[in-house]
Amino acid sequence: MQATDIRSAASATAGARPDSLAWVERLVRFDTTSRASNLGMVETMRDALLPHGVQPTLTYDAARGKANLFVTLAAADGNAQGGLVLSGHTDVVPVDGQDWTSDPFRPEIRDGLLYGRGACDMKGFIGCVLTALPAFAAARLREPVHFAFSYDEEVGCLGAPVMLADLAARGVRPSGCIIGEPTDMRVITAHKGINVYKCCVRGRAAHSSLTPQGVNAIEYAARLICFLRDLADEMRAQGPFDRAFDVPFTTAQTSMIKGGNAVNTVPAECDVLFEYRNLPGVDPAAIDARIRAYVDGELVPRMRREHPDAAVDLSRLAAVPSLDASEQAAVTALVRALARDDMVRKVGYATEGGQFALAGIPAVICGPGSIEQAHKADEFVSLVQLGECDVFLGRLVRSLSGEGGVVSSC
Ligand SMILES: [Zn+2]
């Protein structure tokens, strides 16, 4: 289908194209909760790509139960270098314990809203991209377009680095990336980094009448938690600040704790999970160093004065880099023009955009649906938002094929 058809189909229904809707519904039916395999969904997408004469590349996790899919639609002259990546993650967050009105993996349309797990985060975007595939394939592209669909984004952006390493190894160097996370089709150019830690405090058990013989793991974990809170308060008071963010400073917090097994026993173990979210420009390594200096320099020596076997095991579970796209980057200008949006917006949630940027591929975020609905019961994407995404992709096809007046160049 040609770009003009995309436009007219979307405006005629004042909502999503019927074929976009069909794709999104098809994708929602795959339960791709991060703990499950995504291969059914990935192979379905691969099979839709193959008739267009392209060669999708699958890169797998260690257990080969999950895969990233990357594919290049070369330019009309055969060039496959440079070009724009359309990026989405295939996995979704769990529905456990959530109160859904309808089956989260059986999409339902009610009052112009498509309900289902992943509807906005981010199978809506992926469905629209796949719908635009024939238009991209038929267009005389001046530069290539790449689709990048990853696994395990929701559990720490674990899949994208595998895909990016494969691109680097194969010498594939796109020059810009659109992350289709839900932004109501507005342009977001920056997000914070996320760093997640687990800290296992190992003390020594004793009968609670004999506290001097034990090392109380919970009490020492509490000292770490207070240290983290003091660190968070310091960053809140002293900055640095970026007022374009809702929360304009780097945040830190303890989010889970587990320890002890009886009220009359000195607890030998306490596990703590915490995270911090750094502003772009704040070095997460410097925060990491301060926490480790406290643990190694104060906490552990103090515990070992009580018993030499006491220990603290601190490990970083996930680290997602921040994103801070330049307004001068070609992809920023292109997406602002396509979305008709010049406003500066920065957000506290992270995406794979920071990883693309770190790999030398400038990225911005723009996709259908709202982050307000992501991860919740009764997640939905509106048909109007899907329609806007269809229109956006139609403009992109025309832009990349030299029509439509928007300068591309990514
Ligand atoms: Zn997402």
# chains A, B, ... in the order shown; residues from 1 in each chain; ligands from 1
>>> closest_atom_pairs(of="chain A", to="ligand 1", cutoff="6 Å", atoms="only C-alpha atoms and all ligand atoms", output="tab-separated table")
residue	atom	partner	partner_atom_place_in_ligand_line	distance
A:Asp121	CA	ligand 1	1 (Zn)	4.5
A:Met122	CA	ligand 1	1 (Zn)	5.6
A:Glu181	CA	ligand 1	1 (Zn)	5.4
>>> write_last_selection(atoms="N, CA, C and O atoms", output="PDB file, in the first residue's frame")
ATOM      1  N   ASP A 121       2.217  -0.761  25.273  1.00  0.00           N
ATOM      2  CA  ASP A 121       3.644  -0.936  25.648  1.00  0.00           C
ATOM      3  C   ASP A 121       4.099  -2.325  25.246  1.00  0.00           C
ATOM      4  O   ASP A 121       4.126  -3.218  26.077  1.00  0.00           O
ATOM      5  N   MET A 122       4.514  -2.564  23.947  1.00  0.00           N
ATOM      6  CA  MET A 122       4.481  -1.613  22.870  1.00  0.00           C
ATOM      7  C   MET A 122       4.103  -2.304  21.572  1.00  0.00           C
ATOM      8  O   MET A 122       4.668  -2.058  20.529  1.00  0.00           O
ATOM      9  N   GLU A 181       8.101   3.756  22.186  1.00  0.00           N
ATOM     10  CA  GLU A 181       7.422   3.641  23.494  1.00  0.00           C
ATOM     11  C   GLU A 181       6.254   4.627  23.533  1.00  0.00           C
ATOM     12  O   GLU A 181       6.274   5.657  22.845  1.00  0.00           O
TER      13      GLU A 181
END
>>> residues_around(residues="A:Gly354", least_positions_apart="5", cutoff="9 Å", atoms="only C-alpha atoms", output="ChimeraX atom specification")
/A:190-193,320-324,359,362-363
>>> residues_around(residues="A:Met163", least_positions_apart="5", cutoff="8 Å", atoms="only C-alpha atoms", output="JSON, numbers by chain")
{"A": [59, 68, 70, 150]}
>>> closest_atom_pairs(of="stretch 255-286 of chain A", to="stretch 290-310 of chain A", cutoff="12 Å", atoms="only C-alpha atoms", output="Markdown table")
| residue | atom | partner | partner_atom | distance |
| --- | --- | --- | --- | --- |
| A:Ala268 | CA | A:Ala310 | CA | 9.1 |
| A:Glu269 | CA | A:Ala310 | CA | 10.0 |
| A:Cys270 | CA | A:Ala310 | CA | 12.0 |
| A:Phe274 | CA | A:Ile291 | CA | 11.3 |
| A:Glu275 | CA | A:Ile291 | CA | 11.5 |
| A:Tyr276 | CA | A:Ile291 | CA | 11.1 |
| A:Asp283 | CA | A:Arg290 | CA | 11.5 |
| A:Pro284 | CA | A:Arg290 | CA | 10.0 |
| A:Ala285 | CA | A:Arg290 | CA | 8.7 |
| A:Ala286 | CA | A:Arg290 | CA | 6.4 |
>>> residues_around(residues="stretch 367-377 of chain A", least_positions_apart="5", cutoff="7 Å", atoms="only C-alpha atoms", output="PyMOL selection string")
chain A and resi 93+98-100+120-121+124-125+180-185+382+385-386+389
>>> residues_around(residues="stretch 37-39 of chain A", least_positions_apart="2", cutoff="9 Å", atoms="only C-alpha atoms", output="list in words")
Phe30, Asp31, Thr32, Thr33, Ser34, Arg35, Met41, Val42, Glu43, Thr44, Arg64, Gly65, Lys66, Ala67, Asn68, Thr90, Asp91 and Tyr151 of chain A
>>> select_by_dssp(residues="stretch 224-380 of chain A", states="helix (DSSP H, G or I)", output="PyMOL selection string")
chain A and resi 224-238+284-306+330-339+353-358
>>> closest_residue(among="A:Val397, A:Val215, A:Ile287, A:Ala137", to="A:Glu234", atoms="only C-alpha atoms")
A:Ile287
>>> closest_residue(among="A:Val331, A:Leu210, A:Leu27, A:Val201", to="A:Pro104", atoms="only C-alpha atoms")
A:Leu27
